[in-house]
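Engineer: One structure, as structure tokens, below. Some questions next.
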Amino acid sequence: MNDRTIRVLEFEKIKEMLIKKAESNLGKELASKVNPSTDMEAIATWQKETHEATSIILQRGNPPLGGIKDIKYYMKRAEIGSYLYPGQLLEVSDTLRVTRRLKSFMKDVKEEQYRYPMIQGFINSLYTFKNIEDRIETCIISEDEISDNASTTLKHIRREITNKNASVKTKLNSMISSTQHQKYLQDAIVTIRQDRYVIPVKQEYRGNIPGLIHDQSSSGATLFVEPMAIVELNNELKELKLKEQIEIERILRELTELVAEKSKEIISNQKILEKLDFIFAKGKLAVEMNAVEPKMNRDGYIRIKNGRHPLLDKKTVVPTNIWLGDEFKTLVVTGPNTGGKTVTLKTVGLFTLMAQTGLHVPADHGTKLAVFEQVFADIGDEQSIEQSLSTFSGHMTNIVQILDSIKENALVLLDELGAGTDPTEGAALAIAILEHLYSLGIRTIATTHYTELKQFALTKDGVQNASVEFNIETLSPTYKLLIGVPGKSNAFEISKKLGLSEYIVEKSRKLISGEGIAFEEILETMERDRKAAEEERDDAIRLKLIIQKQKQEYESKHEKLAIQKEKILREAKEEARKLLRGAKDEADRIIKELRTLSQEQEEKLKNKKIEEARSSLRSKLGEVADTLSINPVVTNSNPPKKLKSGDSVIILTLNQKATVISKPASNGDVLVQAGIMKINVNINNLRLDQDEKKEHKNTGVGRLVKSKAQSVETSIDLRGQMLEEATMNTDKYLDDAYIANLKVVTIIHGKGTGVLREGIKQLLKTHKHVKTFRIGSFNEGGTGATIAELK
């Protein structure tokens with residue numbers, strides 16, 4: 001691509017925005033090297049990568065890419081046998097952690113690999129080495145500190161160093177606190193010189209405290225003496241520190257060897273992470289710009305829908321719609337200054353460069369852009385004092401260079417073509433240049449003020465007029481591009497609005513040729529008709545929206561009425577069921593009274609009346625049930641026996657599942673719970689739920705959950721247990737607590753040395769039932785207890 005074009009269109013500012021979106025220096029470096037390509041396949045691949053990254057960010061959020069480091073140099077050191085320093089090993093661990101987190105971020109492989117094949121392919125190629133990552137994390141605390149837990153030898157050495165330090169300090173403290181020695185000392189303090197413990201002795205009492213002199217004050221009045229009583233202790237301490245350093249180097253070599261064994265895979269990871277960081281930087285930029293993937297073509301066809309220049313404030317920028325290359329190859333844009341002509345040129349050019357770099361463009365879906373071999377832009381004031389060039393000469397020099405190097409598949413953007421010289425000659429030159437470019441098949445967009453170019457576009461096939469709209473009433477541009485409509489100069493109207501005398505304006509009109517006036521009048525009529533058509537279109541759209549809104553309101557009301565109707569019917573049926581149950585109770589009462597009366601009457605008369613009452617009742621209940629479509633009373637000829645609490649049954653009269661709460665009474669009534677209701681039902685109206693019984697028989701889940709819920713406590717005490725035993729007990733306890741549906745449990749491990757606490761912490765990190773965990777607060781046991789929240 002032409003370097004001047006890239007500079008004029010401000011593509012470097014887009015690259016700066018892209019660089020800021022990258023997380024690592026590696027990704028930023030890759031972003032700084034991007035440039036537009038002319039390879040259609042490469043562009044299509046880049047656009048697909050950006051599309052996948054944008055989709056992932058919108059649906060899942062930003063991926064965990066923080067922590068990527070450039071570790072190629074460390075891998076070379078590891079391969080040749082040199083050991084890595086703690087800070088370098090931490091950077092290796094950070095990079096391995098990014099790899100693991102990224103794979104976890106995209107863990108739904110079966111679902112996502114078809115939606116994001118490119119990015120998923122990169123992520124599937126990553127290697128994870130959690131063992132190396134964990135080993136480095138265990139051994140190294142910071143860039144300058146190795147953990148005591150790195151090895152048992154190191155822990156033992158450091159314990160001895162601590163004890164030896166305490167012995168030295170105890171010995172020296174006894175000396176400086178002694179009244180015998182205090183008069184010889186400059187200060188009653190213990191300090192360190194040349195990594196050995198010393199005390200400050202006055203110069204004149206040098207011989208009173210035998211020992212080795214390691215330093216003196218700047219004035220010479222104080223000598224820093226290592227008393228002979230602690231020389232041997234200091235020597236032993238020095239020896240221990242040397243052993244500590246040797247053990248640290250051994251640990252670093254061990255860690256470096258682990259890294260060296262996987263150096264090729266780790267370097268491969270870094271290359272993939274660098275690429276992913278760059279791809280997701282493109283995705284983040286697209287999300288920030290609210291950009292879309294343009295449809296690319298080789299046919300030179302451009303169709304931008306509501307394009308917004310990416311360097312302008314997105315809250316105030318006016319979207320533009322522009323197309324080129326299908327029905328016409330040349331577009332002549334006219335209109336007033338500051339009307340948006342130059343912004344239109346830059347938008348088309350910048351969109352083309354961005355698309356050919358694999359970036360999405362801030363426009364609406366359906367935007368189409370072409371892949372051009374060359375993009376040229378002559379925009380801005382090209383005058384140069386050093387080269388003695390006027391504005392016209394500067395523009396013409398650049399146009400000459402364009403015409404000398406142009407190829408068939410090119411996009412040319414010309415701002416104020418032919419300006420800066422005699423209008424007649426400038427217009428003639430502009431028309432000739434546009435005709436030449438058109439004859440070469442070049443896609444061209446040119447801005448101008450010349451009326452001759454408007455007339456040229458009206459009469460020349462393959463050339464189209466366009467204009468930026470201007471509001472005469474407010475004397476301000478609207479920044480809307482109107483293709484197919486040549487721009488009117490508006491000079492006379494603007495002058496009148498600004499207060500220029502009517503006499504001068506009319507005289508100016510007479511000085512213009514009749515054809516010029518007629519052409520301007522035609523443009524004015526076209527502009528008036530266009531606005532009227534737009535107003536009618538807007539009215540039609542507004543009426544359509546009103547009708548659609550009214551239709552939606554009607555459909556919403558209709559739906560609400562249907563729901564309300566269904567609710568009323570449901571409530572009516574429920575009320576009817578209540579009446580039916582009341583009628584049944586009343587019938588039972590009547591039958592009971594009849595039975596009482598029957599004892600005082602003859603057996604035959606008694607049976608007759610009872611049968612008549614039952615027949616009448618069945619008839620009435622049948623009519624009500626048929627009317628309400630409710631199931632008639634059903635009884636079980638073989639009622640369940642030996643019902644007990646917890647049995648699952650079916651209420652035959654309601655066809656409803658229920659659970660037995662208590663054993664049957666002497667009259668056969670049983671208290672059961674159906675949903676949230678507790679009701680008394682006779683066993684003749686019940687049937688055992690065989691499915692539920694079978695399920696519980698086969699699985700025993702109900703008994704297990706009930707047993708666990710009754711036996712599992714909300715805490716477990718591990719104090720006094722070894723780590724392995726405590727880990728097994730805690731694992732089993734978490735399983736039981738989860739089955740019992742406990743949400744929060746307390747694990748009591750005590751304070752002690754912290755070994756038990758750290759072991760339990762590592763278990764909770766990976767346990768499948770644990771959601772989160774924390775150290776107990778003051779009233780929960782402090783550091784002696786861990787509170788775990790279960791899933």
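By convention in this document, the chains of the structure tokens carry letters A, B, ... by their order, each chain's residues are numbered from 1, and ligands are numbered from 1 in the order they are shown.
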Got a sec: who's within 9 Å of A:Pro310, counting only C-alpha atoms, leaving out chain neighbours fewer than 6 positions off, as a PyMOL selection string?
Structural biologist: chain A and resi 14+289+347+350-351+361-362
Engineer: So that I can check the surroundings of A:Thr424, please list as a PyMOL selection string every protein, DNA and RNA residue that reaches within 9 Å of it, counting only C-alpha atoms and ignoring chain neighbours fewer than 5 positions away.
Structural biologist: chain A and resi 429+450+452
Engineer: Find the spatial neighbours of A:Lys282, counting only C-alpha atoms, within a cut-off of 8 Å - ignore same-chain residues fewer than 6 positions away - and output them as a list in words.
Structural biologist: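 Here the answer would be Leu18, Lys21, Thr50, Ala53, Thr54, Leu359 and His360 of chain A.
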Engineer: Show me, as a list of chain:residue names, the residues that have an atom within 9 Å of stretch 479-481 of chain A when counting only C-alpha atoms, minus same-chain residues fewer than 5 positions from it.
Structural biologist: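 Contacts, with the query itself left out: A:Val317, A:Val318, A:Pro319, A:Thr320, A:Asn321, A:Ile322, A:Val333, A:Thr338, A:Gly339, A:Gly340, A:Lys341, A:Thr344, A:Ala466, A:Ser467, A:Val468, A:Glu469, A:Phe470.
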Engineer: Take the selection from the previous step and output its residues with N, CA and C atoms, as a compact mmCIF listing (two decimals), in the first residue's frame.
Structural biologist:
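Result file again.txt:
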# COMPACT_ATOMS: atom_id res chain seq x y z
N VAL A 317 -20.86 11.52 15.84
CA VAL A 317 -20.63 11.28 14.42
C VAL A 317 -21.93 10.89 13.72
N VAL A 318 -22.13 11.44 12.52
CA VAL A 318 -23.33 11.15 11.72
C VAL A 318 -23.01 10.00 10.77
N PRO A 319 -23.76 8.90 10.82
CA PRO A 319 -23.48 7.77 9.93
C PRO A 319 -23.67 8.16 8.46
N THR A 320 -22.87 7.53 7.62
CA THR A 320 -22.98 7.81 6.18
C THR A 320 -23.27 6.52 5.42
N ASN A 321 -24.04 6.63 4.35
CA ASN A 321 -24.34 5.50 3.47
C ASN A 321 -23.75 5.81 2.10
N ILE A 322 -22.95 4.92 1.60
CA ILE A 322 -22.27 5.19 0.33
C ILE A 322 -22.06 3.87 -0.40
N VAL A 333 -18.64 14.13 -5.53
CA VAL A 333 -19.32 14.64 -4.33
C VAL A 333 -19.16 16.15 -4.27
N THR A 338 -16.85 22.24 5.14
CA THR A 338 -17.22 21.68 6.46
C THR A 338 -18.51 20.89 6.40
N GLY A 339 -18.91 20.44 5.22
CA GLY A 339 -20.16 19.68 5.10
C GLY A 339 -19.98 18.18 5.26
N GLY A 340 -18.74 17.70 5.29
CA GLY A 340 -18.49 16.28 5.50
C GLY A 340 -17.96 15.56 4.28
N LYS A 341 -17.58 16.30 3.23
CA LYS A 341 -17.07 15.65 2.02
C LYS A 341 -15.76 14.91 2.30
N THR A 344 -16.18 11.81 4.37
CA THR A 344 -16.70 10.71 3.56
C THR A 344 -15.57 9.99 2.83
N ALA A 466 -23.17 13.08 -6.17
CA ALA A 466 -23.56 12.95 -4.76
C ALA A 466 -23.32 14.30 -4.10
N SER A 467 -23.99 14.52 -2.99
CA SER A 467 -23.83 15.81 -2.32
C SER A 467 -24.01 15.62 -0.82
N VAL A 468 -23.42 16.56 -0.08
CA VAL A 468 -23.63 16.59 1.36
C VAL A 468 -24.71 17.63 1.63
N GLU A 469 -25.71 17.24 2.42
CA GLU A 469 -26.89 18.07 2.64
C GLU A 469 -26.53 19.31 3.46
N PHE A 470 -27.23 20.44 3.14
CA PHE A 470 -27.00 21.70 3.85
C PHE A 470 -28.36 22.32 4.19
Engineer: Write out as a VMD selection string all residues of stretch 215-259 of chain A that backbone DSSP assigns to strand (DSSP E).
Structural biologist: chain A and resid 215 to 216 222 to 227
Engineer: At a cut-off of 12 Å, using only C-alpha atoms, what residues contact stretch 396-403 of chain A? Leave out same-chain residues fewer than 6 positions from it and give the result as a PDB file with C-alpha atoms, in the first residue's frame.
Structural biologist:
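So out-v3.pdb came out as:
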ATOM      1  CA  ASN A   2       1.055   3.587  -0.639  1.00  0.00           C
ATOM      2  CA  ARG A   4       1.440   8.443   1.952  1.00  0.00           C
ATOM      3  CA  THR A   5      -2.104   7.078   1.685  1.00  0.00           C
ATOM      4  CA  GLN A 374      -3.735  -0.143  -4.477  1.00  0.00           C
ATOM      5  CA  VAL A 375      -5.398   2.644  -2.514  1.00  0.00           C
ATOM      6  CA  PHE A 376      -4.458   6.255  -3.325  1.00  0.00           C
ATOM      7  CA  ALA A 377      -5.620   9.365  -1.490  1.00  0.00           C
ATOM      8  CA  ASP A 378      -4.950  12.992  -2.396  1.00  0.00           C
ATOM      9  CA  ILE A 379      -6.461  14.758   0.600  1.00  0.00           C
ATOM     10  CA  GLY A 380      -5.472  17.978   2.350  1.00  0.00           C
ATOM     11  CA  ASP A 381      -3.396  21.060   1.533  1.00  0.00           C
ATOM     12  CA  GLU A 382      -0.252  19.980  -0.321  1.00  0.00           C
ATOM     13  CA  GLN A 383       1.470  23.375  -0.651  1.00  0.00           C
ATOM     14  CA  SER A 384       5.138  23.415   0.364  1.00  0.00           C
ATOM     15  CA  GLN A 387       9.630  23.099  -2.618  1.00  0.00           C
ATOM     16  CA  LEU A 389       4.789  24.547  -4.547  1.00  0.00           C
ATOM     17  CA  SER A 390       1.368  26.184  -4.422  1.00  0.00           C
ATOM     18  CA  ALA A 410      -7.243   0.400  -7.481  1.00  0.00           C
ATOM     19  CA  LEU A 411      -9.261   2.857  -5.391  1.00  0.00           C
ATOM     20  CA  VAL A 412      -8.535   6.580  -5.857  1.00  0.00           C
ATOM     21  CA  LEU A 413      -9.801   9.288  -3.470  1.00  0.00           C
ATOM     22  CA  LEU A 414      -9.370  12.892  -4.678  1.00  0.00           C
ATOM     23  CA  ASP A 415     -10.260  15.855  -2.456  1.00  0.00           C
ATOM     24  CA  GLU A 416     -11.087  19.236  -4.119  1.00  0.00           C
ATOM     25  CA  LEU A 417      -9.991  18.011  -7.554  1.00  0.00           C
ATOM     26  CA  GLY A 418      -8.751  20.900  -9.757  1.00  0.00           C
ATOM     27  CA  ALA A 419      -8.878  23.480  -6.970  1.00  0.00           C
ATOM     28  CA  GLY A 420      -6.268  26.202  -6.482  1.00  0.00           C
ATOM     29  CA  THR A 421      -6.131  27.490 -10.054  1.00  0.00           C
ATOM     30  CA  GLY A 426      -9.248  23.564 -13.117  1.00  0.00           C
ATOM     31  CA  LEU A 429      -8.399  19.293 -15.916  1.00  0.00           C
ATOM     32  CA  ALA A 430     -10.623  17.589 -13.323  1.00  0.00           C
ATOM     33  CA  ILE A 433      -8.511  13.199 -15.048  1.00  0.00           C
ATOM     34  CA  LEU A 434     -11.832  11.556 -14.074  1.00  0.00           C
ATOM     35  CA  HIS A 436      -8.922   8.899 -17.788  1.00  0.00           C
ATOM     36  CA  LEU A 437      -9.403   7.026 -14.507  1.00  0.00           C
ATOM     37  CA  LEU A 440      -8.869   2.441 -16.843  1.00  0.00           C
ATOM     38  CA  ILE A 442     -10.534   2.585 -11.596  1.00  0.00           C
TER      39      ILE A 442
END
